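Each remark here refers to the structure printed beneath this line.
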Amino acid sequence: MRVTVQSAPFDPAAFLAGFGAGRADVGAVVSFTGLVRDDSGQMQALEIEHYPGMTESAISAIISQAMARWALADARVIHRFGRLAVGEPIMAVATAARHRAAAFAAAEFLMDYLKSRAPFWKKEIGPAGAAWVVAKEGDEAALGRWRSEP
Amino acid sequence: MITVLYFAWVRERTGVATEQVDTAAPTVAALVDELIAREPRYAAAFADLSAVRVAVDQVLADFDAPLAGVREVAFFPPMTGG
């Protein structure tokens, strides 16, 4: 397991380098990279605030849940904070498992939980000023399926 | 003495990121009531508690969580990571 929280940009290819390699029990690696999207067409930057200390422990707890539930061989998460430009990678997750179904499901689980259980707050900076991104009801609802599905 | 932290718009409303609070409040909810009674900026931050989340010693908690032995309480809006 590896958790990285940093303000510096990261290279998604470097994030994946060596992940799941050299193991006989890994048949599937799934990764997801989130980029800064501009829905308004006027965004100048995205600012991400976080809770140092809790951020790392909350992400580790989420990864531990995923590793136990899907018997993952390994998992990695990287998440940036600070000021980001449109198009830059914000975060990435990677999961390694024996089979692809577990790797895909665990990656989705990690994404769903990182959205609403890891202490990050996004603020969009535009020409008219700055506005905090409001959590979507769908983000919270997305967690529901992980409670019901085996 | 409890370290209280505020994040995102909760921080902007209280005007501080972190402070030491001398309190005997038995629960998070009681601490919030004490803060609200202090100054209007806290009343503004805690005007809608349904929009505020809390962590106790860096673990998500409820407003009825006890504060005995607790070192750190944080208040913030629903998280928007990912």
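Letters A, B, ... mark the chains of the structure tokens in the order given; residue numbers begin at 1 per chain; ligand numbers begin at 1, in order shown.
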Margin query: Can you tell me, as a list in words, which residues in chain B count as helix (DSSP H, G or I) by DSSP?
Written below: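 For chain B, the helix (DSSP H, G or I) set is Ala8, Trp9, Val10, Arg11, Glu12, Arg13, Thr14, Val28, Ala29, Ala30, Leu31, Val32, Asp33, Glu34, Leu35, Ile36, Ala37, Arg38, Pro40, Arg41, Tyr42, Ala43, Ala44, Ala45, Leu49, Ser50 and Ala51 of chain B.
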Residues as selected, N, CA and C atoms, written as a PDB file, in the first residue's frame, can you do that?
```pdb
ATOM      1  N   ALA B   8     -11.954  25.050   4.788  1.00  0.00           N
ATOM      2  CA  ALA B   8     -12.770  25.525   3.657  1.00  0.00           C
ATOM      3  C   ALA B   8     -13.662  26.699   4.108  1.00  0.00           C
ATOM      4  N   TRP B   9     -14.944  26.695   3.727  1.00  0.00           N
ATOM      5  CA  TRP B   9     -15.737  27.891   4.059  1.00  0.00           C
ATOM      6  C   TRP B   9     -16.022  28.025   5.546  1.00  0.00           C
ATOM      7  N   VAL B  10     -15.906  26.941   6.289  1.00  0.00           N
ATOM      8  CA  VAL B  10     -16.067  27.061   7.744  1.00  0.00           C
ATOM      9  C   VAL B  10     -14.909  27.907   8.298  1.00  0.00           C
ATOM     10  N   ARG B  11     -13.706  27.658   7.780  1.00  0.00           N
ATOM     11  CA  ARG B  11     -12.525  28.456   8.162  1.00  0.00           C
ATOM     12  C   ARG B  11     -12.696  29.919   7.754  1.00  0.00           C
ATOM     13  N   GLU B  12     -13.209  30.123   6.544  1.00  0.00           N
ATOM     14  CA  GLU B  12     -13.378  31.506   6.084  1.00  0.00           C
ATOM     15  C   GLU B  12     -14.359  32.277   6.969  1.00  0.00           C
ATOM     16  N   ARG B  13     -15.382  31.578   7.467  1.00  0.00           N
ATOM     17  CA  ARG B  13     -16.371  32.266   8.318  1.00  0.00           C
ATOM     18  C   ARG B  13     -15.843  32.524   9.729  1.00  0.00           C
ATOM     19  N   THR B  14     -15.100  31.555  10.305  1.00  0.00           N
ATOM     20  CA  THR B  14     -14.572  31.799  11.659  1.00  0.00           C
ATOM     21  C   THR B  14     -13.386  32.763  11.611  1.00  0.00           C
ATOM     22  N   VAL B  28     -19.200  17.299  21.255  1.00  0.00           N
ATOM     23  CA  VAL B  28     -18.950  18.222  20.150  1.00  0.00           C
ATOM     24  C   VAL B  28     -20.081  19.247  20.058  1.00  0.00           C
ATOM     25  N   ALA B  29     -21.327  18.784  20.190  1.00  0.00           N
ATOM     26  CA  ALA B  29     -22.475  19.694  20.089  1.00  0.00           C
ATOM     27  C   ALA B  29     -22.405  20.791  21.150  1.00  0.00           C
ATOM     28  N   ALA B  30     -21.970  20.428  22.366  1.00  0.00           N
ATOM     29  CA  ALA B  30     -21.858  21.413  23.445  1.00  0.00           C
ATOM     30  C   ALA B  30     -20.749  22.410  23.142  1.00  0.00           C
ATOM     31  N   LEU B  31     -19.661  21.929  22.533  1.00  0.00           N
ATOM     32  CA  LEU B  31     -18.560  22.819  22.128  1.00  0.00           C
ATOM     33  C   LEU B  31     -19.057  23.816  21.080  1.00  0.00           C
ATOM     34  N   VAL B  32     -19.839  23.324  20.121  1.00  0.00           N
ATOM     35  CA  VAL B  32     -20.394  24.204  19.083  1.00  0.00           C
ATOM     36  C   VAL B  32     -21.262  25.279  19.739  1.00  0.00           C
ATOM     37  N   ASP B  33     -22.090  24.887  20.703  1.00  0.00           N
ATOM     38  CA  ASP B  33     -22.945  25.860  21.396  1.00  0.00           C
ATOM     39  C   ASP B  33     -22.105  26.928  22.104  1.00  0.00           C
ATOM     40  N   GLU B  34     -21.009  26.494  22.733  1.00  0.00           N
ATOM     41  CA  GLU B  34     -20.112  27.447  23.412  1.00  0.00           C
ATOM     42  C   GLU B  34     -19.511  28.435  22.420  1.00  0.00           C
ATOM     43  N   LEU B  35     -19.061  27.908  21.281  1.00  0.00           N
ATOM     44  CA  LEU B  35     -18.438  28.773  20.270  1.00  0.00           C
ATOM     45  C   LEU B  35     -19.455  29.773  19.711  1.00  0.00           C
ATOM     46  N   ILE B  36     -20.665  29.279  19.422  1.00  0.00           N
ATOM     47  CA  ILE B  36     -21.710  30.149  18.869  1.00  0.00           C
ATOM     48  C   ILE B  36     -22.011  31.303  19.831  1.00  0.00           C
ATOM     49  N   ALA B  37     -21.992  31.011  21.131  1.00  0.00           N
ATOM     50  CA  ALA B  37     -22.311  32.025  22.138  1.00  0.00           C
ATOM     51  C   ALA B  37     -21.208  33.080  22.262  1.00  0.00           C
ATOM     52  N   ARG B  38     -20.006  32.760  21.763  1.00  0.00           N
ATOM     53  CA  ARG B  38     -18.861  33.656  21.893  1.00  0.00           C
ATOM     54  C   ARG B  38     -18.948  34.892  21.010  1.00  0.00           C
ATOM     55  N   PRO B  40     -20.317  36.420  16.815  1.00  0.00           N
ATOM     56  CA  PRO B  40     -21.163  36.196  15.629  1.00  0.00           C
ATOM     57  C   PRO B  40     -20.479  35.389  14.529  1.00  0.00           C
ATOM     58  N   ARG B  41     -19.134  35.493  14.411  1.00  0.00           N
ATOM     59  CA  ARG B  41     -18.469  34.758  13.322  1.00  0.00           C
ATOM     60  C   ARG B  41     -18.629  33.246  13.502  1.00  0.00           C
ATOM     61  N   TYR B  42     -18.708  32.784  14.751  1.00  0.00           N
ATOM     62  CA  TYR B  42     -18.948  31.357  14.970  1.00  0.00           C
ATOM     63  C   TYR B  42     -20.404  31.011  14.645  1.00  0.00           C
ATOM     64  N   ALA B  43     -21.313  31.910  15.017  1.00  0.00           N
ATOM     65  CA  ALA B  43     -22.725  31.683  14.702  1.00  0.00           C
ATOM     66  C   ALA B  43     -22.904  31.574  13.185  1.00  0.00           C
ATOM     67  N   ALA B  44     -22.118  32.371  12.438  1.00  0.00           N
ATOM     68  CA  ALA B  44     -22.200  32.320  10.976  1.00  0.00           C
ATOM     69  C   ALA B  44     -21.655  30.989  10.450  1.00  0.00           C
ATOM     70  N   ALA B  45     -20.571  30.536  11.055  1.00  0.00           N
ATOM     71  CA  ALA B  45     -19.957  29.285  10.603  1.00  0.00           C
ATOM     72  C   ALA B  45     -20.859  28.081  10.888  1.00  0.00           C
ATOM     73  N   LEU B  49     -25.979  23.426  10.646  1.00  0.00           N
ATOM     74  CA  LEU B  49     -25.144  22.289  11.054  1.00  0.00           C
ATOM     75  C   LEU B  49     -25.272  21.099  10.118  1.00  0.00           C
ATOM     76  N   SER B  50     -26.356  21.067   9.323  1.00  0.00           N
ATOM     77  CA  SER B  50     -26.498  19.958   8.375  1.00  0.00           C
ATOM     78  C   SER B  50     -25.437  20.056   7.277  1.00  0.00           C
ATOM     79  N   ALA B  51     -24.806  21.246   7.140  1.00  0.00           N
ATOM     80  CA  ALA B  51     -23.786  21.447   6.109  1.00  0.00           C
ATOM     81  C   ALA B  51     -22.379  21.337   6.684  1.00  0.00           C
TER      82      ALA B  51
END
```
Check: Taking only C-alpha atoms into account, which residues of chain A are within 9 Å of chain B, as a ChimeraX atom specification?
Finding: /A:34,48-51,53-55,57-58,79,90-92,111-123,132-136,139
Margin query: When you look at Leu46 (chain A) with a cut-off of 10 Å (counting only C-alpha atoms), what residues show up, excluding the ones that are within fewer than 5 positions of it in the same chain? I need them as a PyMOL selection string.
Written below: chain A and resi 36-38+81-86+88+90+122-126+130-133
Notebook entry, point to check: So how far away is CA of Thr3 (chain B) from CA of Arg71 (chain B), in Å?
Noted result: 6.1 Å
Margin query: As an exercise, work out the distance from CA of Val73 (chain B) to CA of Val16 (chain B) in Å and give it to one decimal place.
Written below: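 Result for CA of Val73 (chain B) versus CA of Val16 (chain B): 13.9 Å, one decimal.
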Checklist line | Option closest in space to Ala61 (chain B), from B:Val4, B:Gly15, B:Asp22, B:Phe75 [counting only C-alpha atoms] | finding: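 Of B:Val4, B:Gly15, B:Asp22, B:Phe75, the one nearest Ala61 (chain B) is B:Phe75, counting only C-alpha atoms.
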Check: Which of region 34-93 of chain A counts as strand (DSSP E or B) under DSSP, as an NGL selection string please?
Finding: :A and (34-35 or 45-50 or 74-80 or 82-84 or 89-93)
Mind writing the picked residues with N, CA and C atoms as a short mmCIF file (atom, residue, chain, number, x, y, z; two decimals), in the first residue's frame?
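Output file part04.cif follows:
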```
data_model
loop_
_atom_site.label_atom_id
_atom_site.label_comp_id
_atom_site.auth_asym_id
_atom_site.auth_seq_id
_atom_site.Cartn_x
_atom_site.Cartn_y
_atom_site.Cartn_z
N GLY A 34 -7.65 11.17 -12.30
CA GLY A 34 -8.60 12.28 -12.36
C GLY A 34 -7.88 13.56 -12.77
N LEU A 35 -8.48 14.29 -13.73
CA LEU A 35 -7.88 15.54 -14.22
C LEU A 35 -8.76 16.73 -13.85
N ALA A 45 -8.16 28.28 -12.27
CA ALA A 45 -7.39 27.33 -11.48
C ALA A 45 -8.32 26.62 -10.51
N LEU A 46 -7.83 25.52 -9.99
CA LEU A 46 -8.54 24.80 -8.93
C LEU A 46 -7.65 24.81 -7.71
N GLU A 47 -8.23 25.19 -6.56
CA GLU A 47 -7.43 25.16 -5.33
C GLU A 47 -7.98 24.08 -4.42
N ILE A 48 -7.10 23.22 -3.95
CA ILE A 48 -7.52 22.12 -3.09
C ILE A 48 -6.90 22.29 -1.71
N GLU A 49 -7.79 22.33 -0.71
CA GLU A 49 -7.35 22.41 0.68
C GLU A 49 -7.47 21.01 1.27
N HIS A 50 -6.62 20.67 2.24
CA HIS A 50 -6.78 19.36 2.89
C HIS A 50 -6.41 19.46 4.36
N ASP A 74 -2.15 -5.33 -3.97
CA ASP A 74 -1.55 -4.03 -3.65
C ASP A 74 -2.50 -2.92 -4.09
N ALA A 75 -2.30 -1.73 -3.55
CA ALA A 75 -3.08 -0.56 -3.97
C ALA A 75 -2.27 0.69 -3.70
N ARG A 76 -2.47 1.69 -4.55
CA ARG A 76 -1.78 2.97 -4.41
C ARG A 76 -2.76 4.10 -4.64
N VAL A 77 -2.55 5.18 -3.90
CA VAL A 77 -3.33 6.41 -4.13
C VAL A 77 -2.38 7.60 -4.08
N ILE A 78 -2.55 8.51 -5.03
CA ILE A 78 -1.84 9.79 -4.95
C ILE A 78 -2.90 10.88 -5.10
N HIS A 79 -2.79 11.95 -4.31
CA HIS A 79 -3.78 13.04 -4.38
C HIS A 79 -3.04 14.35 -4.15
N ARG A 80 -3.30 15.33 -5.01
CA ARG A 80 -2.63 16.62 -4.86
C ARG A 80 -3.47 17.60 -4.06
N GLY A 82 -3.36 22.16 -3.08
CA GLY A 82 -2.77 23.42 -3.55
C GLY A 82 -3.43 23.87 -4.83
N ARG A 83 -2.70 24.67 -5.62
CA ARG A 83 -3.26 25.28 -6.82
C ARG A 83 -2.96 24.45 -8.06
N LEU A 84 -4.01 24.06 -8.79
CA LEU A 84 -3.85 23.22 -9.98
C LEU A 84 -4.43 23.93 -11.20
N PRO A 89 -3.37 16.43 -13.81
CA PRO A 89 -3.84 15.34 -12.96
C PRO A 89 -4.02 15.82 -11.52
N ILE A 90 -5.19 15.50 -10.92
CA ILE A 90 -5.45 15.81 -9.51
C ILE A 90 -5.05 14.63 -8.64
N MET A 91 -5.44 13.45 -9.09
CA MET A 91 -5.25 12.27 -8.25
C MET A 91 -5.24 11.02 -9.12
N ALA A 92 -4.77 9.93 -8.56
CA ALA A 92 -4.81 8.65 -9.27
C ALA A 92 -4.91 7.53 -8.24
N VAL A 93 -5.57 6.45 -8.65
CA VAL A 93 -5.61 5.24 -7.83
C VAL A 93 -5.14 4.08 -8.70
#
```
Next item on the list: Can you pull out every residue within 12 Å of Arg147 (chain A), counting only C-alpha atoms, but drop anything in the same chain fewer than 5 positions away, and send it as a list in words?
Entry: Arg69, Phe109, Tyr113, Glu140, Ala141 and Ala142 of chain A
Notebook entry, point to check: Any idea what the distance is between CA of Met67 (chain A) and CA of Ala102 (chain A)?
Noted result: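 Separating CA of Met67 (chain A) from CA of Ala102 (chain A) is a distance of 9.8 Å.
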Next item on the list: Choose the residue, out of A:Ala106, A:Ala128, A:Leu143, A:Ala28, that has the smallest atom-to-atom separation from Ser40 (chain A); count only C-alpha atoms.
Entry: A:Ala128
Checklist line | Among the residues B:Ala17, B:Ala47, B:Ala24, B:Met1, the one that comes closest to Pro66 (chain B) [using only C-alpha atoms] | finding: B:Ala24
